[in-house]
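Undergrad: Before we start, here is the structure in question, set down as structure tokens.
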Amino acid sequence: MRERYLLRGNEAIAESAIRAGCQCYFAYPITPQGELVEHMAHNMPRLGRTFIQAESEVAAINMVYGAAAAGVRTMTSSSSPGISLKQEGISYLAGANLPAVIVNVVRGGPGLGNIAPSQCDYFQAVKGGGHGDYHMIVLGPSTVPEAGELTMLAFDLADRYRTPVMILADGLLGQMMEPVELPAPIDMASLPAKEWAATGARGREPNIILSFDLSPDNLKKMNLALQAKYAEIRKNEVRYEEAETEDADIVIVAYGSTARIAKTVVRMARAEGIRLGLFRPITLWPYPYEPLRALADRVDTVLTVEMSAGQMWEDVRLAVAERANTPFYGEMGGIVPTPKEILTEVRKHAR
Amino acid sequence: MPVDIARMTKVFGRPESLTQARSTYCPGCHHGIITRIIGQTIDELGIAERTIGIAPVGCSVFAYLWYRCDALQAAHGRASAVATGLKRARPDLVVFSYQGDGDFASIGTAESIHAANRGENITVIFVNNQIYGMTGGEMAPTTLVGQHTATTPDGRDPATTGYPIRFSELIAQLDAPVYVTRQALYDTRRIMDCTKAVKKAFQNQVEGRGYSLVEILATCPTNWHMSPIQSNQHVADTVTKVFPLGDLVNRGA
Ligand SMILES: Cc1ncc(C[n+]2csc(CCOP(=O)(O)OP(=O)(O)O)c2C)c(N)n1
Ligand code: SF4
Ligand SMILES: [Mg+2]
């Protein structure tokens, strides 16, 4: 049975994590994801689960490392400056093949930046962020209901591939309220056992969890295994949405809150006869290069719209590979572009 | 007279819960003695099947190899936070972290203090050898005034580097910890005392009492540029003057 609630994005993510069976949640407060921490502080202990307000984001991500190693579903959340502090821990999670969910409700940067919505952490999320040859799965919800759905999915993907998964949201999505249908809590007993977890070496050889091997040959093997896993993820998990692209001459590529605004722009443009479509990556890693390339073959212009100086734009250009024009329109500093501003940009490229 | 092995009784052996893995420690290094003490404790408490060890970054980075237990390797300084996450996820397990002085008392300062302050029901073994062994003998926060290290070539000067930090005393100021003690290994008597302390620190956790910390004054003959015997003497004569031995907190029990 699905229940309907009016929730902020932050709350939808928190409540979905609980329904996905998150047993341990660790975080350090930061705006604009305060409601997420508060929802967990209120609800996790009542369910007999663990909530710790950690002494720092560094501590929080390392608590996640410990809980993930014990085989339970675990999550941390933060916003940009706090996510920077988690990078070492994320690299260790990736290296040790540990499943965990990390939420970044992105705010303006760099430095302390501000608390307004932004998409300026795209590079950090999809290109590494921490040290070493690793990736995490990065999901970019664009509405509150989708934030909830992708949170449920994030826990499944984390377990399936034994990898950290990031929900890359932004301050707008975190704060916005929408009606949400939440699924019933999953049946934890239905989840496959984690034979690899550190649960006590009873009747078996010890399980050792590490991201370390002094021998270059062995570390190369560990890396090759990671790369094989990433190839598998690239093959299976690419997700995206296309809207009004069938007859389009121009498409906007946008993710997250920006994609939602772009949907309005598509309607406005169509009303004045511009054949505009939208391509919305849902997985930001793995990025939907192939579908975007196929689309680029059919259109004149692929316009990237982002709340950054053009970070995802690099992936768009990689995908399009000169098959179409690839202009960029962006805002920075926590400014959210309006549909009208984007439409003005679209008109410049209309036939 | 020929020795009749069949009639001999075994009075001392390798703890069951230690593996056969070859030690990576230098000859005369106290890390090896501490490993044995922990193995013996795990045996005596019969907890090998539910103990999880957390290895730090430092000379004991390979600590996951020594015990027949599940184990994790944590980021430098974060072992107490990792132990927190693991123990909260599975309170039925026995979780210990093993951390050097650089790991525990420098880079991990925040994680170390706050795990103690929350009174996490874990056991922390804190190996204070007054130096960064693994990276080649640099200054640790515990390095003695005047001590020569790779990064204090003229001796540690408090004017620019401060004083050796008595981290266990800092933790002893907190309300939550149930057991905080400083031990040494420079002679048989100290080894026996330390063994008792380690056992108590594990016992506390098994009985659900809360946070226990055993600081152990250890040697690093390699980076101290001393023989193992000189090193033991140095701990007895000099190090214990700065870091006095004994219990700092012993609540209940
Ligand atoms: C983030 C990070 N910084 C620095 C290092 C390098 N490093 C490895 S071990 C170590 C010092 C360890 O000293 P200590 O904790 O006292 O352990 P010991 O080797 O003396 O037992 C350092 C600085 C690292 N691995 N990670
Ligand atoms: S360098 Fe020092 S602390 Fe490290 S193993 Fe050798 S003697 Fe022990
Ligand atoms: Mg040391």
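Naming scheme: A, B, ... for chains in displayed order of the structure tokens; residues 1 onward per chain; ligands 1 onward as shown.
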Give me, as a tab-separated table, the closest atom pair and its distance (Å, one decimal) for every residue of chain B within a cut-off of 7 Å of ligand 3, counting only C-alpha atoms and all ligand atoms, rows sorted by chain and rising number.
TA:
residue	atom	partner	partner_atom_place_in_ligand_line	distance
B:Gly100	CA	ligand 3	1 (Mg)	4.7
B:Asp101	CA	ligand 3	1 (Mg)	4.6
B:Gly102	CA	ligand 3	1 (Mg)	5.4
B:Val127	CA	ligand 3	1 (Mg)	6.7
B:Asn128	CA	ligand 3	1 (Mg)	5.7
B:Asn129	CA	ligand 3	1 (Mg)	4.7
B:Gln130	CA	ligand 3	1 (Mg)	5.5
B:Ile131	CA	ligand 3	1 (Mg)	4.3
B:Tyr132	CA	ligand 3	1 (Mg)	4.3
B:Gly133	CA	ligand 3	1 (Mg)	5.3
B:Ala140	CA	ligand 3	1 (Mg)	6.5
Undergrad: Ligand 1: which residues are within 9 Å, counting only C-alpha atoms and all ligand atoms? Reply as a short mmCIF file (atom, residue, chain, number, x, y, z; two decimals) with all heavy atoms, in the first residue's frame.
TA:
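Saved as result05.cif:
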data_model
loop_
_atom_site.label_atom_id
_atom_site.label_comp_id
_atom_site.auth_asym_id
_atom_site.auth_seq_id
_atom_site.Cartn_x
_atom_site.Cartn_y
_atom_site.Cartn_z
N GLU A 88 37.72 11.47 1.68
CA GLU A 88 38.66 10.41 2.04
C GLU A 88 37.88 9.14 2.38
O GLU A 88 38.20 8.03 1.92
CB GLU A 88 39.51 10.83 3.24
CG GLU A 88 40.50 9.77 3.66
CD GLU A 88 41.00 9.95 5.09
OE1 GLU A 88 40.26 10.44 5.96
OE2 GLU A 88 42.15 9.58 5.35
N HIS B 31 55.03 -3.62 19.72
CA HIS B 31 53.78 -3.95 19.02
C HIS B 31 53.53 -5.46 19.08
O HIS B 31 52.39 -5.90 19.21
CB HIS B 31 53.85 -3.53 17.54
CG HIS B 31 53.42 -2.11 17.28
ND1 HIS B 31 52.18 -1.63 17.63
CD2 HIS B 31 54.05 -1.08 16.64
CE1 HIS B 31 52.07 -0.35 17.23
NE2 HIS B 31 53.19 0.00 16.64
N PRO B 56 44.70 0.32 12.36
CA PRO B 56 44.86 1.74 12.02
C PRO B 56 45.76 1.89 10.80
O PRO B 56 46.05 0.91 10.11
CB PRO B 56 45.60 2.25 13.25
CG PRO B 56 46.56 1.12 13.53
CD PRO B 56 45.82 -0.16 13.17
N VAL B 57 46.24 3.11 10.57
CA VAL B 57 47.37 3.31 9.67
C VAL B 57 48.56 3.63 10.56
O VAL B 57 48.47 4.46 11.46
CB VAL B 57 47.11 4.46 8.68
CG1 VAL B 57 48.31 4.65 7.77
CG2 VAL B 57 45.87 4.18 7.85
N GLY B 58 49.65 2.93 10.34
CA GLY B 58 50.82 3.01 11.19
C GLY B 58 51.52 1.67 11.06
O GLY B 58 51.13 0.85 10.22
N CYS B 59 52.52 1.41 11.90
CA CYS B 59 53.22 0.12 11.80
C CYS B 59 52.26 -1.04 12.01
O CYS B 59 52.52 -2.14 11.55
CB CYS B 59 54.37 0.05 12.80
SG CYS B 59 55.79 0.98 12.23
N SER B 60 51.15 -0.80 12.71
CA SER B 60 50.19 -1.88 12.95
C SER B 60 49.08 -1.93 11.91
O SER B 60 48.03 -2.52 12.14
CB SER B 60 49.61 -1.73 14.35
OG SER B 60 49.30 -0.38 14.62
N VAL B 61 49.36 -1.35 10.74
CA VAL B 61 48.35 -1.38 9.66
C VAL B 61 47.98 -2.82 9.29
O VAL B 61 46.87 -3.08 8.83
CB VAL B 61 48.86 -0.60 8.43
CG1 VAL B 61 50.07 -1.28 7.79
CG2 VAL B 61 47.76 -0.39 7.39
N ALA B 75 40.83 4.26 7.95
CA ALA B 75 41.64 5.41 7.52
C ALA B 75 42.42 5.95 8.72
O ALA B 75 42.04 5.77 9.88
CB ALA B 75 40.74 6.49 6.94
N HIS B 76 43.52 6.65 8.43
CA HIS B 76 44.44 7.14 9.46
C HIS B 76 43.71 8.03 10.48
O HIS B 76 43.17 9.08 10.11
CB HIS B 76 45.56 7.92 8.77
CG HIS B 76 46.75 8.23 9.64
ND1 HIS B 76 47.08 7.51 10.77
CD2 HIS B 76 47.72 9.18 9.51
CE1 HIS B 76 48.18 8.01 11.31
NE2 HIS B 76 48.59 9.04 10.56
N GLY B 77 43.66 7.57 11.71
CA GLY B 77 43.06 8.36 12.78
C GLY B 77 41.59 8.10 13.01
O GLY B 77 41.01 8.56 14.00
N GLN B 99 45.43 1.53 17.91
CA GLN B 99 45.84 2.78 17.28
C GLN B 99 47.17 3.29 17.84
O GLN B 99 47.38 3.28 19.06
CB GLN B 99 44.75 3.85 17.49
CG GLN B 99 43.36 3.38 17.05
CD GLN B 99 42.29 4.46 17.17
OE1 GLN B 99 41.34 4.32 17.90
NE2 GLN B 99 42.46 5.56 16.43
N GLY B 100 48.03 3.77 16.96
CA GLY B 100 49.29 4.39 17.37
C GLY B 100 49.06 5.78 17.93
O GLY B 100 47.93 6.29 17.90
N ASP B 101 50.12 6.40 18.40
CA ASP B 101 49.97 7.73 19.00
C ASP B 101 49.71 8.81 17.95
O ASP B 101 49.00 9.78 18.21
CB ASP B 101 51.15 8.09 19.91
CG ASP B 101 52.50 7.73 19.31
OD1 ASP B 101 52.55 7.17 18.19
OD2 ASP B 101 53.52 7.99 19.96
N GLY B 102 50.27 8.63 16.76
CA GLY B 102 49.96 9.58 15.70
C GLY B 102 48.50 9.43 15.28
O GLY B 102 47.77 10.40 15.12
N ASP B 103 48.11 8.18 15.13
CA ASP B 103 46.76 7.85 14.69
C ASP B 103 45.71 8.34 15.71
O ASP B 103 44.79 9.07 15.37
CB ASP B 103 46.66 6.32 14.54
CG ASP B 103 45.44 5.88 13.77
OD1 ASP B 103 45.51 5.81 12.54
OD2 ASP B 103 44.42 5.59 14.42
N PHE B 104 45.92 7.98 16.96
CA PHE B 104 44.91 8.23 17.99
C PHE B 104 44.95 9.66 18.51
O PHE B 104 43.91 10.28 18.74
CB PHE B 104 45.16 7.26 19.16
CG PHE B 104 44.09 7.27 20.22
CD1 PHE B 104 42.83 6.76 19.95
CD2 PHE B 104 44.34 7.78 21.49
CE1 PHE B 104 41.83 6.75 20.93
CE2 PHE B 104 43.36 7.78 22.47
CZ PHE B 104 42.10 7.27 22.19
N ALA B 105 46.18 10.19 18.72
CA ALA B 105 46.31 11.43 19.47
C ALA B 105 46.70 12.64 18.62
O ALA B 105 46.89 13.73 19.13
CB ALA B 105 47.34 11.25 20.59
N SER B 106 46.84 12.43 17.29
CA SER B 106 47.11 13.58 16.43
C SER B 106 46.01 13.69 15.38
O SER B 106 45.02 14.39 15.58
CB SER B 106 48.48 13.46 15.77
OG SER B 106 48.74 14.62 15.02
N ILE B 107 46.14 12.91 14.31
CA ILE B 107 45.17 13.07 13.20
C ILE B 107 43.78 12.64 13.61
O ILE B 107 42.78 13.16 13.12
CB ILE B 107 45.67 12.32 11.94
CG1 ILE B 107 44.86 12.74 10.69
CG2 ILE B 107 45.68 10.82 12.12
CD1 ILE B 107 45.45 12.27 9.39
N VAL B 127 48.72 2.74 21.39
CA VAL B 127 50.13 2.38 21.50
C VAL B 127 51.00 3.64 21.36
O VAL B 127 51.19 4.17 20.27
CB VAL B 127 50.50 1.33 20.43
CG1 VAL B 127 51.97 0.94 20.57
CG2 VAL B 127 49.59 0.11 20.55
N ASN B 128 51.50 4.08 22.50
CA ASN B 128 52.27 5.32 22.56
C ASN B 128 53.76 5.00 22.53
O ASN B 128 54.36 4.68 23.54
CB ASN B 128 51.88 6.07 23.84
CG ASN B 128 52.72 7.32 24.06
OD1 ASN B 128 53.62 7.62 23.27
ND2 ASN B 128 52.44 8.04 25.14
N ASN B 129 54.35 5.12 21.33
CA ASN B 129 55.80 4.90 21.20
C ASN B 129 56.53 6.22 20.92
O ASN B 129 57.67 6.23 20.48
CB ASN B 129 56.11 3.84 20.14
CG ASN B 129 55.55 4.21 18.77
OD1 ASN B 129 55.04 5.31 18.57
ND2 ASN B 129 55.65 3.30 17.82
N GLN B 130 55.84 7.31 21.15
CA GLN B 130 56.42 8.65 21.07
C GLN B 130 57.06 8.98 19.71
O GLN B 130 57.97 9.80 19.61
CB GLN B 130 57.45 8.88 22.19
CG GLN B 130 56.91 8.64 23.58
CD GLN B 130 57.39 7.31 24.15
OE1 GLN B 130 58.59 7.11 24.24
NE2 GLN B 130 56.46 6.42 24.49
N ILE B 131 56.55 8.30 18.68
CA ILE B 131 57.14 8.53 17.36
C ILE B 131 56.20 8.03 16.27
O ILE B 131 55.28 7.26 16.56
CB ILE B 131 58.51 7.80 17.27
CG1 ILE B 131 59.41 8.46 16.22
CG2 ILE B 131 58.33 6.30 16.98
CD1 ILE B 131 60.83 8.59 16.66
N TYR B 132 56.39 8.50 15.06
CA TYR B 132 55.71 7.93 13.89
C TYR B 132 56.62 6.84 13.36
O TYR B 132 57.58 7.10 12.64
CB TYR B 132 55.49 9.00 12.81
CG TYR B 132 54.36 9.97 13.11
CD1 TYR B 132 53.75 10.00 14.35
CD2 TYR B 132 53.88 10.83 12.13
CE1 TYR B 132 52.71 10.86 14.63
CE2 TYR B 132 52.84 11.70 12.39
CZ TYR B 132 52.26 11.72 13.64
OH TYR B 132 51.22 12.57 13.89
N GLY B 133 56.33 5.60 13.76
CA GLY B 133 57.18 4.49 13.36
C GLY B 133 57.14 4.26 11.86
O GLY B 133 58.16 4.25 11.18
N MET B 134 55.93 4.13 11.34
CA MET B 134 55.77 3.66 9.97
C MET B 134 56.39 4.57 8.92
O MET B 134 56.97 4.12 7.95
CB MET B 134 54.30 3.46 9.65
CG MET B 134 54.08 3.22 8.16
SD MET B 134 52.54 2.47 7.79
CE MET B 134 53.09 0.91 7.16
N THR B 135 56.27 5.88 9.12
CA THR B 135 56.71 6.80 8.07
C THR B 135 58.18 7.18 8.20
O THR B 135 58.66 8.01 7.45
CB THR B 135 55.83 8.06 8.06
OG1 THR B 135 55.48 8.37 9.42
CG2 THR B 135 54.56 7.83 7.27
N GLY B 136 58.86 6.61 9.19
CA GLY B 136 60.31 6.83 9.25
C GLY B 136 60.78 7.66 10.42
O GLY B 136 61.82 8.31 10.35
N GLY B 137 60.02 7.66 11.51
CA GLY B 137 60.54 8.24 12.74
C GLY B 137 60.37 9.74 12.88
O GLY B 137 61.25 10.44 13.41
N GLU B 138 59.23 10.26 12.42
CA GLU B 138 58.97 11.68 12.62
C GLU B 138 58.39 11.94 14.02
O GLU B 138 58.02 11.02 14.74
CB GLU B 138 57.98 12.20 11.57
CG GLU B 138 58.45 12.10 10.14
CD GLU B 138 58.14 10.76 9.50
OE1 GLU B 138 57.68 9.83 10.22
OE2 GLU B 138 58.37 10.62 8.29
N MET B 139 58.29 13.22 14.36
CA MET B 139 57.74 13.61 15.65
C MET B 139 56.28 13.18 15.77
O MET B 139 55.50 13.33 14.84
CB MET B 139 57.82 15.13 15.81
CG MET B 139 57.30 15.63 17.14
SD MET B 139 57.27 17.43 17.24
CE MET B 139 55.84 17.80 16.24
N ALA B 140 55.93 12.66 16.94
CA ALA B 140 54.54 12.37 17.27
C ALA B 140 54.08 13.44 18.27
O ALA B 140 54.91 14.15 18.84
CB ALA B 140 54.43 10.98 17.88
N PRO B 141 52.77 13.53 18.52
CA PRO B 141 52.33 14.50 19.53
C PRO B 141 52.86 14.13 20.92
O PRO B 141 52.90 14.98 21.81
CB PRO B 141 50.80 14.38 19.48
CG PRO B 141 50.51 13.08 18.83
CD PRO B 141 51.64 12.82 17.90
N THR B 142 53.28 12.90 21.09
CA THR B 142 53.76 12.37 22.36
C THR B 142 55.28 12.41 22.48
O THR B 142 55.82 12.00 23.52
CB THR B 142 53.32 10.90 22.46
OG1 THR B 142 53.55 10.32 21.17
CG2 THR B 142 51.85 10.77 22.78
N CYS B 220 60.14 1.83 20.15
CA CYS B 220 60.40 1.77 18.71
C CYS B 220 61.92 1.78 18.56
O CYS B 220 62.51 2.81 18.24
CB CYS B 220 59.78 2.96 17.99
SG CYS B 220 60.16 3.03 16.24
#
Undergrad: Would you return as a list in words the members of range 97-234 of chain A that DSSP assigns to strand (DSSP E or B) on this structure's backbone?
TA: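 So, restricting range 97-234 of chain A to strand (DSSP E or B), we get Ala100, Val101, Ile102, Val103, Asn104, Val105, Val106, Arg107, Pro117, Ile137, Val138, Leu139, Pro164, Val165, Met166, Ile167, Leu168, Ala169, Asp170, Met177, Glu178, Pro179, Val180, Glu181, Leu182, Ile208 and Ile209 of chain A.
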Undergrad: Show me, as number ranges by chain, the residues of chain B whose atoms get within 9 Å of chain A, using only C-alpha atoms for the distance check.
TA: B: 48-52, 64-65, 67-75, 78-90, 93-94, 110-111, 114
Undergrad: Write a file of the just-selected residues containing C-alpha atoms, as a short mmCIF file (atom, residue, chain, number, x, y, z; two decimals), in the first residue's frame.
TA:
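Below is the file that was written, selection-v4.cif:
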data_model
loop_
_atom_site.label_atom_id
_atom_site.label_comp_id
_atom_site.auth_asym_id
_atom_site.auth_seq_id
_atom_site.Cartn_x
_atom_site.Cartn_y
_atom_site.Cartn_z
CA ALA B 48 37.18 -14.92 18.99
CA GLU B 49 34.01 -15.72 17.05
CA ARG B 50 32.43 -12.38 17.83
CA THR B 51 35.41 -10.06 17.99
CA ILE B 52 36.15 -7.52 15.26
CA TYR B 64 44.09 -7.51 10.58
CA LEU B 65 46.53 -10.32 9.78
CA TYR B 67 44.04 -12.47 14.77
CA ARG B 68 41.68 -15.28 13.81
CA CYS B 69 38.88 -12.74 13.91
CA ASP B 70 37.02 -10.60 11.42
CA ALA B 71 38.83 -7.32 10.96
CA LEU B 72 38.75 -3.96 9.22
CA GLN B 73 41.44 -1.56 8.19
CA ALA B 74 40.47 2.07 8.88
CA ALA B 75 41.64 5.41 7.52
CA ARG B 78 39.48 7.25 12.19
CA ALA B 79 39.49 3.85 13.89
CA SER B 80 37.43 5.06 16.87
CA ALA B 81 34.73 6.41 14.52
CA VAL B 82 34.79 3.18 12.50
CA ALA B 83 34.52 1.20 15.75
CA THR B 84 31.55 3.38 16.73
CA GLY B 85 29.70 2.65 13.49
CA LEU B 86 30.38 -1.06 13.71
CA LYS B 87 29.47 -1.42 17.35
CA ARG B 88 26.24 0.55 16.96
CA ALA B 89 25.30 -1.60 13.98
CA ARG B 90 26.02 -4.82 15.89
CA LEU B 93 29.96 -7.99 18.64
CA VAL B 94 33.14 -7.17 20.57
CA ALA B 110 38.40 14.50 17.28
CA GLU B 111 37.28 10.93 16.60
CA HIS B 114 34.25 12.01 20.89
#
Undergrad: Quick one: everything within 9 Å of Met40 in chain A, counting only C-alpha atoms, minus sequence neighbours fewer than 4 positions away in the same chain. Send it as an MDAnalysis selection string.
TA: chainID A and resid 11 14:15 18 25 35:36 44:45 51
